[in-house]
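Everything below belongs to coords_10.txt, which stores compact mmCIF, C-alpha atoms.
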```
# COMPACT_ATOMS: atom_id res chain seq x y z
CA MET A 1 231.28 133.44 200.07
CA THR A 2 234.73 132.23 199.19
CA GLY A 3 235.62 128.73 198.15
CA SER A 4 237.30 128.00 201.46
CA THR A 5 234.16 128.87 203.42
CA PHE A 6 232.05 126.75 201.09
CA ILE A 7 234.38 123.76 201.54
CA PHE A 8 234.25 124.21 205.30
CA TYR A 9 230.46 124.10 205.40
CA MET A 10 230.37 121.10 203.08
CA LEU A 11 232.81 119.21 205.32
CA ALA A 12 230.88 120.21 208.44
CA ALA A 13 227.62 118.98 206.92
CA LEU A 14 229.24 115.72 205.80
CA THR A 15 230.67 115.10 209.28
CA LEU A 16 227.54 115.89 211.25
CA VAL A 17 224.98 114.28 208.94
CA SER A 18 226.86 111.04 208.48
CA GLY A 19 227.69 110.96 212.19
CA PHE A 20 224.00 111.28 213.00
CA LEU A 21 223.08 108.60 210.46
CA SER A 22 225.71 106.28 211.90
CA VAL A 23 224.09 106.33 215.34
CA THR A 24 220.52 106.04 214.04
CA SER A 25 220.76 103.59 211.13
CA ARG A 26 219.18 100.23 211.86
CA GLN A 27 221.47 98.29 209.55
CA ILE A 28 224.75 97.86 211.35
CA PHE A 29 226.83 97.65 208.19
CA ARG A 30 225.43 100.93 206.93
CA ALA A 31 226.15 102.45 210.33
CA ALA A 32 229.81 101.46 209.91
CA ILE A 33 229.94 103.00 206.43
CA TYR A 34 228.37 106.24 207.69
CA LEU A 35 230.97 106.26 210.48
CA LEU A 36 233.66 105.98 207.79
CA PHE A 37 232.29 109.05 205.99
CA SER A 38 232.10 110.98 209.24
CA LEU A 39 235.75 110.20 209.98
CA LEU A 40 236.67 111.23 206.43
CA GLY A 41 234.87 114.53 206.99
CA ILE A 42 236.94 115.11 210.11
CA ALA A 43 240.10 114.33 208.13
CA GLY A 44 238.94 116.91 205.59
CA LEU A 45 238.53 119.45 208.39
CA TYR A 46 242.12 118.78 209.44
CA PHE A 47 243.21 119.38 205.85
CA TRP A 48 241.14 122.56 205.85
CA MET A 49 242.97 123.75 208.98
CA GLN A 50 246.26 122.92 207.22
CA TYR A 51 247.33 120.19 209.61
CA GLU A 52 248.19 117.79 206.83
CA PHE A 53 250.13 115.32 208.93
CA ILE A 54 247.33 114.79 211.42
CA ALA A 55 244.83 114.47 208.55
CA ALA A 56 246.98 111.74 207.01
CA VAL A 57 247.22 109.99 210.39
CA GLN A 58 243.44 110.24 210.75
CA ILE A 59 242.88 108.63 207.35
CA VAL A 60 245.44 105.89 207.91
CA VAL A 61 244.47 104.97 211.47
CA TYR A 62 240.74 105.59 211.58
CA VAL A 63 239.51 105.16 208.03
CA GLY A 64 242.01 102.50 207.08
CA GLY A 65 242.39 100.74 210.41
CA ILE A 66 239.61 101.06 212.93
CA THR A 67 236.71 101.12 210.46
CA VAL A 68 238.02 98.02 208.70
CA LEU A 69 238.41 96.33 212.10
CA ILE A 70 234.81 97.24 212.97
CA ILE A 71 233.55 95.93 209.62
CA PHE A 72 235.43 92.68 210.15
CA SER A 73 233.93 92.24 213.59
CA ILE A 74 230.46 92.93 212.15
CA PHE A 75 231.03 90.14 209.64
CA LEU A 76 232.13 87.83 212.43
CA THR A 77 229.27 88.51 214.82
CA GLN A 78 226.14 89.49 212.86
CA GLN A 79 223.76 87.44 210.79
CA ALA A 80 223.28 88.74 207.24
CA GLY A 81 220.32 91.03 206.75
CA GLU A 82 219.50 91.22 210.42
CA LEU A 83 218.23 94.60 211.61
CA LEU A 84 219.16 96.08 214.95
CA ALA A 85 216.43 95.93 217.56
CA VAL A 86 214.22 99.00 217.92
CA GLN A 87 214.71 100.67 221.25
CA LYS A 88 211.91 101.78 223.52
CA ALA A 89 210.53 105.18 222.57
CA GLY A 90 210.95 106.43 226.13
CA ARG A 91 214.63 105.61 226.19
CA LYS A 92 215.15 107.24 222.79
CA LEU A 93 213.25 110.35 223.83
CA PHE A 94 215.14 110.63 227.10
CA ALA A 95 218.51 110.17 225.40
CA ALA A 96 217.69 112.73 222.69
CA LEU A 97 216.45 115.22 225.28
CA ALA A 98 219.50 114.75 227.51
CA SER A 99 222.02 115.09 224.70
CA PHE A 100 220.22 118.03 223.10
CA CYS A 101 219.96 119.92 226.40
CA ALA A 102 223.62 119.22 227.18
CA PHE A 103 224.55 120.41 223.69
CA GLY A 104 222.57 123.61 224.19
CA ILE A 105 224.16 124.33 227.56
CA THR A 106 227.64 123.65 226.20
CA MET A 107 227.19 125.89 223.18
CA LEU A 108 225.70 128.64 225.36
CA GLN A 109 228.77 128.52 227.57
CA VAL A 110 231.11 128.48 224.57
CA TYR A 111 229.48 131.49 222.91
CA GLN A 112 229.47 133.50 226.15
CA HIS A 113 233.13 132.76 226.75
CA SER A 114 235.68 134.92 224.96
CA PHE A 115 238.82 132.95 224.26
CA ILE A 116 242.15 134.71 224.74
CA ASN A 117 244.84 134.26 222.15
CA ALA A 118 248.35 133.34 223.22
CA ALA A 119 250.61 136.37 223.39
CA ASP A 120 253.21 135.25 220.87
CA ASN A 121 252.54 135.88 217.23
CA ASN A 122 255.04 133.53 215.64
CA VAL A 123 253.37 130.58 213.95
CA MET A 124 255.02 127.20 214.18
CA GLU A 125 254.35 125.30 211.02
CA ALA A 126 252.92 121.81 211.61
CA SER A 127 255.42 120.21 209.27
CA VAL A 128 256.69 116.69 209.74
CA THR A 129 260.14 118.04 210.57
CA ASN A 130 258.87 120.14 213.46
CA ILE A 131 256.60 117.36 214.73
CA GLY A 132 259.34 114.75 214.62
CA THR A 133 261.92 116.98 216.28
CA GLN A 134 259.63 117.86 219.15
CA MET A 135 258.24 114.34 219.49
CA LEU A 136 261.64 112.78 220.14
CA SER A 137 263.20 115.66 222.03
CA THR A 138 264.11 115.10 225.68
CA THR A 139 264.46 118.78 226.52
CA GLN A 140 261.67 120.90 227.95
CA GLY A 141 258.55 120.69 225.81
CA GLY A 142 259.67 117.43 224.24
CA TYR A 143 257.44 114.38 224.09
CA ALA A 144 259.96 111.53 224.26
CA LEU A 145 258.56 110.04 227.49
CA PRO A 146 254.89 109.89 226.37
CA PHE A 147 256.11 108.51 223.05
CA GLU A 148 257.83 105.62 224.83
CA LEU A 149 254.83 105.10 227.11
CA VAL A 150 252.52 104.86 224.10
CA SER A 151 254.82 102.31 222.50
CA ILE A 152 254.60 100.18 225.68
CA LEU A 153 250.81 100.65 225.69
CA LEU A 154 250.56 99.46 222.08
CA LEU A 155 252.67 96.42 222.88
CA ALA A 156 250.47 95.66 225.89
CA ALA A 157 247.34 96.04 223.76
CA LEU A 158 248.81 93.72 221.13
CA ILE A 159 249.58 90.99 223.68
CA GLY A 160 246.28 91.60 225.48
CA CYS A 161 244.26 91.16 222.29
CA ILE A 162 245.97 87.87 221.51
CA VAL A 163 245.44 86.58 225.05
CA ILE A 164 241.77 87.64 225.18
CA ALA A 165 240.86 86.26 221.78
CA MET A 166 242.85 83.01 222.20
CA ARG A 167 240.75 79.89 222.49
CA LEU A 168 241.96 77.85 225.45
CA LYS A 169 242.24 74.12 225.01
CA PRO A 170 240.23 72.10 227.53
CA VAL A 171 242.45 70.76 230.31
CA ASN A 172 240.90 67.31 230.73
CA GLN A 173 241.31 65.37 227.55
CA MET B 1 227.19 132.54 206.28
CA MET B 2 230.12 133.88 208.26
CA GLU B 3 233.79 133.22 207.75
CA PRO B 4 234.50 130.01 209.69
CA GLY B 5 236.54 130.36 212.84
CA LEU B 6 237.10 128.77 216.22
CA TYR B 7 233.45 128.88 217.25
CA HIS B 8 232.32 127.04 214.12
CA ILE B 9 234.72 124.20 214.78
CA LEU B 10 233.69 124.09 218.43
CA PHE B 11 230.07 123.82 217.25
CA ILE B 12 230.91 120.86 215.00
CA SER B 13 232.89 119.15 217.72
CA ALA B 14 230.20 119.67 220.37
CA GLY B 15 227.59 118.40 217.91
CA LEU B 16 229.61 115.31 217.14
CA PHE B 17 230.25 114.69 220.83
CA PHE B 18 226.56 114.74 221.72
CA ILE B 19 225.64 112.66 218.67
CA GLY B 20 228.07 110.12 220.10
CA VAL B 21 226.49 110.42 223.55
CA TYR B 22 223.03 109.91 222.03
CA GLY B 23 224.23 106.81 220.21
CA PHE B 24 225.87 105.49 223.35
CA LEU B 25 222.65 105.91 225.33
CA THR B 26 220.31 104.41 222.76
CA ARG B 27 222.30 101.60 221.18
CA ARG B 28 222.37 98.21 222.84
CA ASN B 29 224.72 96.46 220.45
CA LEU B 30 228.36 96.49 221.59
CA ILE B 31 229.82 97.25 218.15
CA THR B 32 227.56 100.25 217.62
CA MET B 33 228.39 101.49 221.12
CA LEU B 34 232.06 101.26 220.14
CA MET B 35 231.29 103.36 217.05
CA SER B 36 229.71 106.01 219.27
CA ILE B 37 232.84 106.07 221.41
CA GLU B 38 234.93 106.60 218.28
CA LEU B 39 232.77 109.60 217.38
CA ILE B 40 233.26 111.05 220.87
CA LEU B 41 237.04 110.61 220.72
CA ASN B 42 237.15 112.23 217.29
CA SER B 43 235.25 115.26 218.50
CA VAL B 44 237.83 115.68 221.27
CA ASN B 45 240.65 115.48 218.70
CA LEU B 46 238.97 118.14 216.58
CA ASN B 47 238.76 120.39 219.65
CA PHE B 48 242.45 120.01 220.43
CA ILE B 49 243.47 120.83 216.85
CA ALA B 50 241.14 123.85 216.69
CA PHE B 51 242.47 125.30 219.94
CA ASN B 52 246.02 124.71 218.76
CA LYS B 53 245.41 126.48 215.47
CA TYR B 54 243.39 129.45 216.63
CA LEU B 55 244.63 130.16 220.16
CA TRP B 56 248.19 128.83 220.44
CA PRO B 57 249.74 128.72 216.97
CA GLY B 58 253.29 129.15 218.29
CA LYS B 59 253.36 125.67 219.81
CA LEU B 60 252.33 122.22 218.61
CA ASP B 61 251.07 120.84 221.94
CA GLY B 62 247.46 120.30 220.84
CA LEU B 63 248.69 118.32 217.86
CA PHE B 64 250.72 116.02 220.11
CA PHE B 65 247.72 115.43 222.35
CA THR B 66 245.76 114.46 219.23
CA ILE B 67 248.45 112.05 218.08
CA PHE B 68 248.51 110.33 221.48
CA ILE B 69 244.71 110.19 221.67
CA ILE B 70 244.63 108.52 218.24
CA ALA B 71 247.21 105.94 219.34
CA ILE B 72 245.34 105.17 222.57
CA ALA B 73 242.00 105.01 220.73
CA ALA B 74 243.45 102.50 218.29
CA ALA B 75 244.66 100.31 221.16
CA GLU B 76 241.29 100.66 222.89
CA ALA B 77 239.35 99.69 219.78
CA ALA B 78 241.52 96.62 219.23
CA VAL B 79 241.09 95.39 222.82
CA ALA B 80 237.35 96.15 222.74
CA ILE B 81 236.86 94.16 219.55
CA ALA B 82 238.83 91.23 221.00
CA ILE B 83 236.53 91.28 224.03
CA ILE B 84 233.41 91.54 221.82
CA ILE B 85 234.44 88.56 219.69
CA ASN B 86 235.22 86.53 222.79
CA LEU B 87 231.82 87.46 224.24
CA TYR B 88 230.13 86.40 221.01
CA ARG B 89 231.94 83.07 221.23
CA THR B 90 230.60 82.32 224.70
CA HIS B 91 227.15 83.98 224.60
CA ARG B 92 226.26 83.86 220.86
CA SER B 93 225.17 87.50 221.13
CA ILE B 94 226.83 90.91 221.50
CA ASP B 95 223.83 92.65 223.00
CA VAL B 96 224.63 94.27 226.34
CA GLU B 97 221.35 92.96 227.78
CA ASP B 98 222.62 89.41 227.29
CA ALA B 99 225.95 90.01 229.02
CA GLU B 100 224.66 90.37 232.57
CA GLN B 101 226.37 87.57 234.45
CA LEU B 102 228.37 89.97 236.60
CA LYS B 103 225.16 91.62 237.82
CA TYR B 104 224.04 88.84 240.10
```
Produce structure tokens that represent the structure in this file.
Amino acid sequence: MTGSTFIFYMLAALTLVSGFLSVTSRQIFRAAIYLLFSLLGIAGLYFWMQYEFIAAVQIVVYVGGITVLIIFSIFLTQQAGELLAVQKAGRKLFAALASFCAFGITMLQVYQHSFINAADNNVMEASVTNIGTQMLSTTQGGYALPFELVSILLLAALIGCIVIAMRLKPVNQ
Amino acid sequence: MMEPGLYHILFISAGLFFIGVYGFLTRRNLITMLMSIELILNSVNLNFIAFNKYLWPGKLDGLFFTIFIIAIAAAEAAVAIAIIINLYRTHRSIDVEDAEQLKY
């Protein structure tokens, strides 16, 4: 077993185990920390596949942004030391059965399917230069229009968050 | 232990997806449900990157889909947390069982 294979299995175990712990832990803060490790494991898998840019984006946006946002909202909404309520055993059993069966069916389909490689053999390196050139290109295969749409979406989300979270003053004094 | 390939990554991503589905079905706290959604979105990203690397290495399309999914997920998480905090302000609870005014 080479070092690369070993690293892959370690990252896979980290991702899956901490993902599972994050949906089963009864302490919500610990669940958020397990989620952080799961996202870090996914970033490691991107590094392992040599997509360094997307791994860096994953760390910056998810680990540095979304997890911190979730932890902040936990601090704002939860009482200290309060455990999450235990769910009914029937609901847990049904959910576990449904997701496990769906997982089995999906993996059965995936293993029976033989994926076909694309015909061309040239490898485009996922370097920042290539990504940036294609992202802002307006020719065929360029992503300039979705890029602009996402910028409008982010602006709308920004304004929407402020409007939703704003406390309105009462009208009658 | 085989050499890892496309099927291994698809296994991880399917596993993560259904862990997220399990969490979404069992949790009743809005923040933990949001965490489950993040897991689901991440499994989809992993799938896109794996297909791009192993089946279509001459193009970067899967990578662009991943970038846009990350951007949209960030916007979604921000709006969701704004809604959750507003709900906590009015209901003093972020349990989905307590937010049932639209039902009746």
Can you build me a table of chain A residues sitting at most 6 Å from chain B, with the closest atom pair per residue and its distance in Å to one decimal, using only C-alpha atoms, sorted by chain and residue number, as CSV?
```
residue,atom,partner,partner_atom,distance
A:Val23,CA,B:Gly23,CA,4.9
A:Lys92,CA,B:Thr26,CA,5.9
A:Ala95,CA,B:Tyr22,CA,5.6
A:Ser99,CA,B:Phe18,CA,5.4
A:Asn117,CA,B:Leu55,CA,4.6
A:Ala118,CA,B:Trp56,CA,5.3
A:Asn122,CA,B:Gly58,CA,5.4
A:Val123,CA,B:Gly58,CA,4.6
A:Met124,CA,B:Gly58,CA,4.9
A:Ala157,CA,B:Ala75,CA,5.7
A:Cys161,CA,B:Val79,CA,5.3
A:Ala165,CA,B:Ala82,CA,5.4
```
*Using all atoms listed in the file, can you list as a list in words the residues within 7 Å of (229.1, 107.4, 212.1)?*
Ser18, Gly19, Phe20, Leu21, Ser22, Val23, Ala31, Ala32, Tyr34, Leu35, Leu36 and Ser38 of chain A; Met35 and Leu39 of chain B
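Put simply, atom CA of Leu11 of chain A is 6.5 Å away from atom CA of Leu45 of chain A.
Atom CA of Leu30 of chain B is found 11.4 Å from atom CA of Leu84 of chain A.
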*For the point (238.5, 112.9, 206.4) in the file's frame, write as a VMD selection string all residues with an atom no more than 10 Å away, counting all atoms listed in the file.*
chain A and resid 11 14 to 15 36 to 47 55 to 56 58 to 60 62 to 63
_Measuring between all atoms listed in the file, which one of A:Phe8, A:Phe53, A:Phe100, A:Trp48 shows the shortest distance to Glu125 of chain A?_
A:Phe53
_Please report the interatomic distance between atom CA of Leu93 of chain A and atom CA of Thr77 of chain A in Å with one decimal._
28.5 Å
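Checking A:Phe6, A:Tyr51, A:Phe29, A:Phe94 one by one against Gln79 of chain A, counting all atoms listed in the file, you find the shortest gap at A:Phe29.
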